[in-house]
Amino acid sequence: MTGRPGTGGDVRAGRTRRRPARGGRRAPLPLLVPALAGLVFLLLPLAALLVRAPWSSLPQQLGSAEVWDALRLSLITATAATGVSLVLGVPLAWLLARTEFPGRGLVRALVTLPLVLPPVVGGVALLLALGRNGVAGRWLDDAFGVTLPFTTAGVVVAEAFVAMPFLVISVEGTLRAADPRYEEAAATLGASRFTAFRRVTLPLIAPGVAAGAVLAWARALGEFGATITFAGNFPGRTQTMPLAVYLALQNDPAAAIALSLVLLAVSIAVLAGLRDRWMTAP
């Protein structure tokens with residue numbers, strides 16, 4: 001007999017309906033075993049880095065002038081690359097999210113191409129485009145005397161090339177989730193589209209822009225392949241932390257581990273800063 005609303009009959013029925021949900025949370029063994037193996041696969045190298053770290057000589061390793069030069073250069077170039085990504089990437093994300101034009105899908109695919117493109121290939125492409133004899137590099141050299149390869153500015157260009165897609169994807173997703181009626185309401189009040197974007201849309205998507213900027217900064221900080229191919233590995237000028245790790249690994253593995261710990265700490269800090277956006281279950 002079915003109980004009346006509020007009686008024990010409905011309570012028992014509710015309990016019966018909820019039982020499959022609780023039972024469904026138990027991981028079957030064929031999924032649990034590879035899941036745990038995957039977790040070990042991802043965490044074991046990081047644990048090995050911590051276990052084999054030269055903790056006793058770590059202050060000495062990190063106190064050398066070369067390390068601080070590489071760290072300073074990395075922080076400067078990653079921040080500059082993030083600035084370039086913000087200036088160029090936010091309008092690009094708005095264009096992809098808010099406008100209709102022929103070939104938009106192709107443009108989006110090309111924008112995200114650096115995400116899957118091998119970084120060394122990206123460095124070669126930058127050389128062919130912006131090198132002294134490149135498609136645009138020759139014009140920059142002849143007209144303005146600007147040479148980007150093997151300079152600090154070249155590091156910024158290489159890092160921005162690989163980092164900007166992270167920001168564009170984050171901001172575009174935030175724009176698509178934002179209600180466009182606020183912009184339409186601003187337009188009915190006489191605001192131009194740029195004013196509506198600056199005064200209405202940008203404050204709404206600020207968390208997404210911040211998250212994208214942090215991801216772009218972290219990606220720029222860890223960039224290696226495009227940087228060494230396009231900008232080289234010159235201490236004090238183009239040698240960033242990843243390049244210093246690579247060089248130290250050949251001559252001083254303890255120093256390479258110490259430098260890797262610095263980058264690991266930065267990565268953990270980035271994840272901690274993004275935990276509310278990316279690591280919180282709905």
# chains A, B, ... in the order shown; residues from 1 in each chain; ligands from 1

call {"tool": "residues_around", "arguments": {"residues": "Arg72 in chain A", "least_positions_apart": "5", "cutoff": "10 Å", "atoms": "only C-alpha atoms", "output": "PDB file with N, CA, C and O atoms, in the first residue's frame"}}
result
ATOM      1  N   GLU A  66      73.718  31.772 -10.898  1.00  0.00           N
ATOM      2  CA  GLU A  66      73.108  31.267 -12.126  1.00  0.00           C
ATOM      3  C   GLU A  66      71.646  30.900 -11.910  1.00  0.00           C
ATOM      4  O   GLU A  66      70.793  31.158 -12.761  1.00  0.00           O
ATOM      5  N   VAL A  67      71.358  30.299 -10.759  1.00  0.00           N
ATOM      6  CA  VAL A  67      69.975  29.916 -10.469  1.00  0.00           C
ATOM      7  C   VAL A  67      69.094  31.143 -10.353  1.00  0.00           C
ATOM      8  O   VAL A  67      67.989  31.198 -10.920  1.00  0.00           O
ATOM      9  N   THR A  77      59.970  36.981 -18.018  1.00  0.00           N
ATOM     10  CA  THR A  77      59.457  36.618 -19.343  1.00  0.00           C
ATOM     11  C   THR A  77      58.083  35.969 -19.265  1.00  0.00           C
ATOM     12  O   THR A  77      57.230  36.220 -20.126  1.00  0.00           O
ATOM     13  N   ALA A  78      57.839  35.140 -18.240  1.00  0.00           N
ATOM     14  CA  ALA A  78      56.519  34.525 -18.108  1.00  0.00           C
ATOM     15  C   ALA A  78      55.460  35.582 -17.845  1.00  0.00           C
ATOM     16  O   ALA A  78      54.342  35.506 -18.388  1.00  0.00           O
ATOM     17  N   GLY A 236      71.625  34.416 -18.537  1.00  0.00           N
ATOM     18  CA  GLY A 236      71.385  35.830 -18.285  1.00  0.00           C
ATOM     19  C   GLY A 236      70.580  36.533 -19.346  1.00  0.00           C
ATOM     20  O   GLY A 236      70.095  37.646 -19.128  1.00  0.00           O
ATOM     21  N   THR A 240      66.098  30.319 -19.275  1.00  0.00           N
ATOM     22  CA  THR A 240      65.050  30.285 -18.262  1.00  0.00           C
ATOM     23  C   THR A 240      65.242  29.057 -17.374  1.00  0.00           C
ATOM     24  O   THR A 240      66.160  28.259 -17.577  1.00  0.00           O
ATOM     25  N   MET A 241      64.369  28.886 -16.393  1.00  0.00           N
ATOM     26  CA  MET A 241      64.515  27.786 -15.450  1.00  0.00           C
ATOM     27  C   MET A 241      64.480  26.412 -16.128  1.00  0.00           C
ATOM     28  O   MET A 241      65.320  25.552 -15.831  1.00  0.00           O
TER      29      MET A 241
END

call {"tool": "closest_atom_pairs", "arguments": {"of": "range 121-189 of chain A", "to": "range 94-99 of chain A", "cutoff": "7 Å", "atoms": "only C-alpha atoms", "output": "tab-separated table"}}
result
residue	atom	partner	partner_atom	distance
A:Glu172	CA	A:Ala97	CA	5.6
A:Leu175	CA	A:Ala97	CA	6.3
A:Arg176	CA	A:Ala97	CA	5.9

call {"tool": "closest_atom_pairs", "arguments": {"of": "range 60-169 of chain A", "to": "range 190-210 of chain A", "cutoff": "9 Å", "atoms": "only C-alpha atoms", "output": "Markdown table"}}
result
| residue | atom | partner | partner_atom | distance |
| --- | --- | --- | --- | --- |
| A:Leu86 | CA | A:Val209 | CA | 8.2 |
| A:Val90 | CA | A:Val209 | CA | 7.7 |
| A:Leu167 | CA | A:Val209 | CA | 7.1 |
| A:Val168 | CA | A:Val209 | CA | 8.8 |

call {"tool": "residues_around", "arguments": {"residues": "Val156 in chain A", "least_positions_apart": "3", "cutoff": "7 Å", "atoms": "only C-alpha atoms", "output": "CSV table (one decimal) with N, CA, C and O atoms, in the first residue's frame"}}
result
chain,number,residue,atom,x,y,z
A,77,THR,N,60.0,37.0,-18.0
A,77,THR,CA,59.5,36.6,-19.3
A,77,THR,C,58.1,36.0,-19.3
A,77,THR,O,57.2,36.2,-20.1
A,78,ALA,N,57.8,35.1,-18.2
A,78,ALA,CA,56.5,34.5,-18.1
A,78,ALA,C,55.5,35.6,-17.8
A,78,ALA,O,54.3,35.5,-18.4
A,80,ALA,N,55.7,38.8,-18.7
A,80,ALA,CA,55.5,39.5,-20.0
A,80,ALA,C,54.7,38.8,-21.0
A,80,ALA,O,53.8,39.3,-21.7
A,81,ALA,N,55.0,37.5,-21.1
A,81,ALA,CA,54.2,36.6,-22.1
A,81,ALA,C,52.7,36.6,-21.7
A,81,ALA,O,51.8,36.6,-22.5
A,152,THR,N,66.0,38.2,-25.3
A,152,THR,CA,65.0,38.0,-24.2
A,152,THR,C,63.6,38.3,-24.8
A,152,THR,O,62.7,37.6,-24.4
A,153,ALA,N,63.5,39.2,-25.7
A,153,ALA,CA,62.2,39.4,-26.3
A,153,ALA,C,61.7,38.2,-27.1
A,153,ALA,O,60.5,37.8,-27.1
A,159,GLU,N,57.2,32.0,-25.5
A,159,GLU,CA,56.3,31.6,-24.4
A,159,GLU,C,54.9,32.1,-24.6
A,159,GLU,O,53.9,31.3,-24.3
A,160,ALA,N,54.7,33.3,-25.2
A,160,ALA,CA,53.3,33.7,-25.5
A,160,ALA,C,52.7,32.8,-26.5
A,160,ALA,O,51.5,32.6,-26.5

call {"tool": "residues_around", "arguments": {"residues": "Thr151 in chain A", "least_positions_apart": "2", "cutoff": "12 Å", "atoms": "only C-alpha atoms", "output": "PDB file with N, CA and C atoms, in the first residue's frame"}}
result
ATOM      1  N   LEU A  73      64.859  35.696 -14.794  1.00  0.00           N
ATOM      2  CA  LEU A  73      64.483  35.783 -16.200  1.00  0.00           C
ATOM      3  C   LEU A  73      63.181  35.043 -16.470  1.00  0.00           C
ATOM      4  N   THR A  77      59.970  36.981 -18.018  1.00  0.00           N
ATOM      5  CA  THR A  77      59.457  36.618 -19.343  1.00  0.00           C
ATOM      6  C   THR A  77      58.083  35.969 -19.265  1.00  0.00           C
ATOM      7  N   GLY A 131      62.371  35.036 -37.799  1.00  0.00           N
ATOM      8  CA  GLY A 131      63.822  35.065 -37.886  1.00  0.00           C
ATOM      9  C   GLY A 131      64.308  36.165 -38.815  1.00  0.00           C
ATOM     10  N   VAL A 146      64.566  45.439 -35.656  1.00  0.00           N
ATOM     11  CA  VAL A 146      64.155  44.548 -34.566  1.00  0.00           C
ATOM     12  C   VAL A 146      64.532  43.119 -34.922  1.00  0.00           C
ATOM     13  N   THR A 147      65.295  42.486 -34.048  1.00  0.00           N
ATOM     14  CA  THR A 147      65.677  41.089 -34.210  1.00  0.00           C
ATOM     15  C   THR A 147      65.224  40.320 -32.978  1.00  0.00           C
ATOM     16  N   LEU A 148      64.360  39.358 -33.174  1.00  0.00           N
ATOM     17  CA  LEU A 148      63.779  38.629 -32.051  1.00  0.00           C
ATOM     18  C   LEU A 148      64.515  37.348 -31.684  1.00  0.00           C
ATOM     19  N   PRO A 149      64.974  36.542 -32.638  1.00  0.00           N
ATOM     20  CA  PRO A 149      65.620  35.277 -32.238  1.00  0.00           C
ATOM     21  C   PRO A 149      66.850  35.503 -31.360  1.00  0.00           C
ATOM     22  N   ALA A 153      63.473  39.206 -25.712  1.00  0.00           N
ATOM     23  CA  ALA A 153      62.164  39.411 -26.343  1.00  0.00           C
ATOM     24  C   ALA A 153      61.720  38.166 -27.087  1.00  0.00           C
ATOM     25  N   GLY A 154      62.678  37.443 -27.669  1.00  0.00           N
ATOM     26  CA  GLY A 154      62.343  36.193 -28.344  1.00  0.00           C
ATOM     27  C   GLY A 154      61.802  35.151 -27.375  1.00  0.00           C
ATOM     28  N   VAL A 155      62.331  35.143 -26.139  1.00  0.00           N
ATOM     29  CA  VAL A 155      61.797  34.235 -25.118  1.00  0.00           C
ATOM     30  C   VAL A 155      60.335  34.568 -24.843  1.00  0.00           C
ATOM     31  N   VAL A 156      60.035  35.850 -24.718  1.00  0.00           N
ATOM     32  CA  VAL A 156      58.658  36.270 -24.462  1.00  0.00           C
ATOM     33  C   VAL A 156      57.743  35.841 -25.610  1.00  0.00           C
ATOM     34  N   VAL A 157      58.205  36.015 -26.838  1.00  0.00           N
ATOM     35  CA  VAL A 157      57.395  35.624 -27.995  1.00  0.00           C
ATOM     36  C   VAL A 157      57.140  34.123 -27.997  1.00  0.00           C
ATOM     37  N   ALA A 158      58.180  33.332 -27.752  1.00  0.00           N
ATOM     38  CA  ALA A 158      58.025  31.876 -27.744  1.00  0.00           C
ATOM     39  C   ALA A 158      57.066  31.436 -26.642  1.00  0.00           C
ATOM     40  N   THR A 227      61.291  27.720 -26.735  1.00  0.00           N
ATOM     41  CA  THR A 227      62.246  28.715 -26.255  1.00  0.00           C
ATOM     42  C   THR A 227      63.660  28.397 -26.708  1.00  0.00           C
ATOM     43  N   ILE A 228      64.102  27.157 -26.501  1.00  0.00           N
ATOM     44  CA  ILE A 228      65.473  26.816 -26.857  1.00  0.00           C
ATOM     45  C   ILE A 228      65.672  26.820 -28.373  1.00  0.00           C
ATOM     46  N   THR A 229      64.619  26.545 -29.130  1.00  0.00           N
ATOM     47  CA  THR A 229      64.734  26.541 -30.587  1.00  0.00           C
ATOM     48  C   THR A 229      64.746  27.953 -31.152  1.00  0.00           C
ATOM     49  N   PHE A 230      63.902  28.822 -30.613  1.00  0.00           N
ATOM     50  CA  PHE A 230      63.769  30.169 -31.164  1.00  0.00           C
ATOM     51  C   PHE A 230      64.700  31.174 -30.494  1.00  0.00           C
ATOM     52  N   ALA A 231      64.943  31.010 -29.178  1.00  0.00           N
ATOM     53  CA  ALA A 231      65.721  32.006 -28.447  1.00  0.00           C
ATOM     54  C   ALA A 231      67.078  31.499 -27.978  1.00  0.00           C
ATOM     55  N   GLY A 232      67.328  30.205 -28.059  1.00  0.00           N
ATOM     56  CA  GLY A 232      68.612  29.685 -27.632  1.00  0.00           C
ATOM     57  C   GLY A 232      68.710  29.534 -26.124  1.00  0.00           C
ATOM     58  N   ASN A 233      69.920  29.286 -25.653  1.00  0.00           N
ATOM     59  CA  ASN A 233      70.160  29.014 -24.235  1.00  0.00           C
ATOM     60  C   ASN A 233      71.392  29.799 -23.780  1.00  0.00           C
ATOM     61  N   PHE A 234      71.206  31.112 -23.638  1.00  0.00           N
ATOM     62  CA  PHE A 234      72.296  31.996 -23.248  1.00  0.00           C
ATOM     63  C   PHE A 234      72.058  32.475 -21.818  1.00  0.00           C
ATOM     64  N   PRO A 235      72.956  32.124 -20.884  1.00  0.00           N
ATOM     65  CA  PRO A 235      72.762  32.523 -19.483  1.00  0.00           C
ATOM     66  C   PRO A 235      72.626  34.035 -19.336  1.00  0.00           C
ATOM     67  N   GLY A 236      71.625  34.416 -18.537  1.00  0.00           N
ATOM     68  CA  GLY A 236      71.385  35.830 -18.285  1.00  0.00           C
ATOM     69  C   GLY A 236      70.580  36.533 -19.346  1.00  0.00           C
ATOM     70  N   ARG A 237      70.412  35.898 -20.506  1.00  0.00           N
ATOM     71  CA  ARG A 237      69.681  36.542 -21.598  1.00  0.00           C
ATOM     72  C   ARG A 237      68.481  35.729 -22.054  1.00  0.00           C
ATOM     73  N   THR A 238      68.671  34.436 -22.260  1.00  0.00           N
ATOM     74  CA  THR A 238      67.556  33.597 -22.707  1.00  0.00           C
ATOM     75  C   THR A 238      67.440  32.304 -21.901  1.00  0.00           C
ATOM     76  N   GLN A 239      68.311  32.071 -20.945  1.00  0.00           N
ATOM     77  CA  GLN A 239      68.275  30.819 -20.184  1.00  0.00           C
ATOM     78  C   GLN A 239      67.253  30.913 -19.056  1.00  0.00           C
ATOM     79  N   THR A 240      66.098  30.319 -19.275  1.00  0.00           N
ATOM     80  CA  THR A 240      65.050  30.285 -18.262  1.00  0.00           C
ATOM     81  C   THR A 240      65.242  29.057 -17.374  1.00  0.00           C
TER      82      THR A 240
END

call {"tool": "closest_residue", "arguments": {"among": "A:Glu100, A:Glu184, A:Asp69, A:Asp141", "to": "Leu243 in chain A", "atoms": "only C-alpha atoms"}}
result
A:Asp69

call {"tool": "atom_distance", "arguments": {"atom1": "CA of Arg219 in chain A", "atom2": "CA of Phe166 in chain A"}}
result
8.2 Å

call {"tool": "select_by_dssp", "arguments": {"residues": "range 209-274 of chain A", "states": "alpha helix (DSSP H)", "output": "PDB file with C-alpha atoms, in the first residue's frame"}}
result
ATOM      1  CA  VAL A 209      40.253  35.830 -17.224  1.00  0.00           C
ATOM      2  CA  ALA A 210      42.220  35.465 -13.994  1.00  0.00           C
ATOM      3  CA  ALA A 211      42.169  31.661 -14.218  1.00  0.00           C
ATOM      4  CA  GLY A 212      43.269  31.770 -17.847  1.00  0.00           C
ATOM      5  CA  ALA A 213      46.048  34.224 -17.016  1.00  0.00           C
ATOM      6  CA  VAL A 214      47.359  31.977 -14.239  1.00  0.00           C
ATOM      7  CA  LEU A 215      47.311  28.946 -16.543  1.00  0.00           C
ATOM      8  CA  ALA A 216      49.062  30.909 -19.279  1.00  0.00           C
ATOM      9  CA  TRP A 217      51.667  32.162 -16.794  1.00  0.00           C
ATOM     10  CA  ALA A 218      52.361  28.654 -15.531  1.00  0.00           C
ATOM     11  CA  ARG A 219      52.630  27.312 -19.083  1.00  0.00           C
ATOM     12  CA  ALA A 220      54.983  30.123 -20.053  1.00  0.00           C
ATOM     13  CA  LEU A 221      57.121  29.509 -16.978  1.00  0.00           C
ATOM     14  CA  GLY A 225      61.095  23.420 -26.628  1.00  0.00           C
ATOM     15  CA  ALA A 226      60.010  26.571 -28.443  1.00  0.00           C
ATOM     16  CA  THR A 227      62.246  28.715 -26.255  1.00  0.00           C
ATOM     17  CA  ILE A 228      65.473  26.816 -26.857  1.00  0.00           C
ATOM     18  CA  THR A 229      64.734  26.541 -30.587  1.00  0.00           C
ATOM     19  CA  PHE A 230      63.769  30.169 -31.164  1.00  0.00           C
ATOM     20  CA  MET A 241      64.515  27.786 -15.450  1.00  0.00           C
ATOM     21  CA  PRO A 242      63.567  24.804 -17.675  1.00  0.00           C
ATOM     22  CA  LEU A 243      66.644  25.411 -19.809  1.00  0.00           C
ATOM     23  CA  ALA A 244      68.788  25.677 -16.672  1.00  0.00           C
ATOM     24  CA  VAL A 245      67.378  22.338 -15.480  1.00  0.00           C
ATOM     25  CA  TYR A 246      68.275  20.718 -18.797  1.00  0.00           C
ATOM     26  CA  LEU A 247      71.802  22.120 -18.723  1.00  0.00           C
ATOM     27  CA  ALA A 248      72.354  21.218 -15.069  1.00  0.00           C
ATOM     28  CA  LEU A 249      71.137  17.659 -15.646  1.00  0.00           C
ATOM     29  CA  GLN A 250      74.137  17.043 -17.881  1.00  0.00           C
ATOM     30  CA  ASN A 251      76.752  18.400 -15.466  1.00  0.00           C
ATOM     31  CA  PRO A 253      72.190  16.311 -11.369  1.00  0.00           C
ATOM     32  CA  ALA A 254      71.796  17.613  -7.802  1.00  0.00           C
ATOM     33  CA  ALA A 255      71.401  21.161  -9.117  1.00  0.00           C
ATOM     34  CA  ALA A 256      68.897  19.917 -11.706  1.00  0.00           C
ATOM     35  CA  ILE A 257      66.826  18.327  -8.939  1.00  0.00           C
ATOM     36  CA  ALA A 258      66.968  21.521  -6.892  1.00  0.00           C
ATOM     37  CA  LEU A 259      65.798  23.610  -9.852  1.00  0.00           C
ATOM     38  CA  SER A 260      63.054  21.083 -10.558  1.00  0.00           C
ATOM     39  CA  LEU A 261      61.822  21.449  -6.986  1.00  0.00           C
ATOM     40  CA  VAL A 262      61.412  25.175  -7.550  1.00  0.00           C
ATOM     41  CA  LEU A 263      59.279  24.585 -10.629  1.00  0.00           C
ATOM     42  CA  LEU A 264      57.320  21.897  -8.763  1.00  0.00           C
ATOM     43  CA  ALA A 265      56.602  24.352  -5.959  1.00  0.00           C
ATOM     44  CA  VAL A 266      55.380  26.924  -8.487  1.00  0.00           C
ATOM     45  CA  SER A 267      53.104  24.328 -10.105  1.00  0.00           C
ATOM     46  CA  ILE A 268      51.627  23.383  -6.731  1.00  0.00           C
ATOM     47  CA  ALA A 269      51.039  27.058  -5.965  1.00  0.00           C
ATOM     48  CA  VAL A 270      49.209  27.462  -9.280  1.00  0.00           C
ATOM     49  CA  LEU A 271      46.978  24.468  -8.531  1.00  0.00           C
ATOM     50  CA  ALA A 272      46.291  25.845  -5.063  1.00  0.00           C
ATOM     51  CA  GLY A 273      45.287  29.172  -6.579  1.00  0.00           C
TER      52      GLY A 273
END

call {"tool": "closest_residue", "arguments": {"among": "A:Leu117, A:Ala93, A:Leu130, A:Ala187", "to": "Ile169 in chain A", "atoms": "only C-alpha atoms"}}
result
A:Ala93
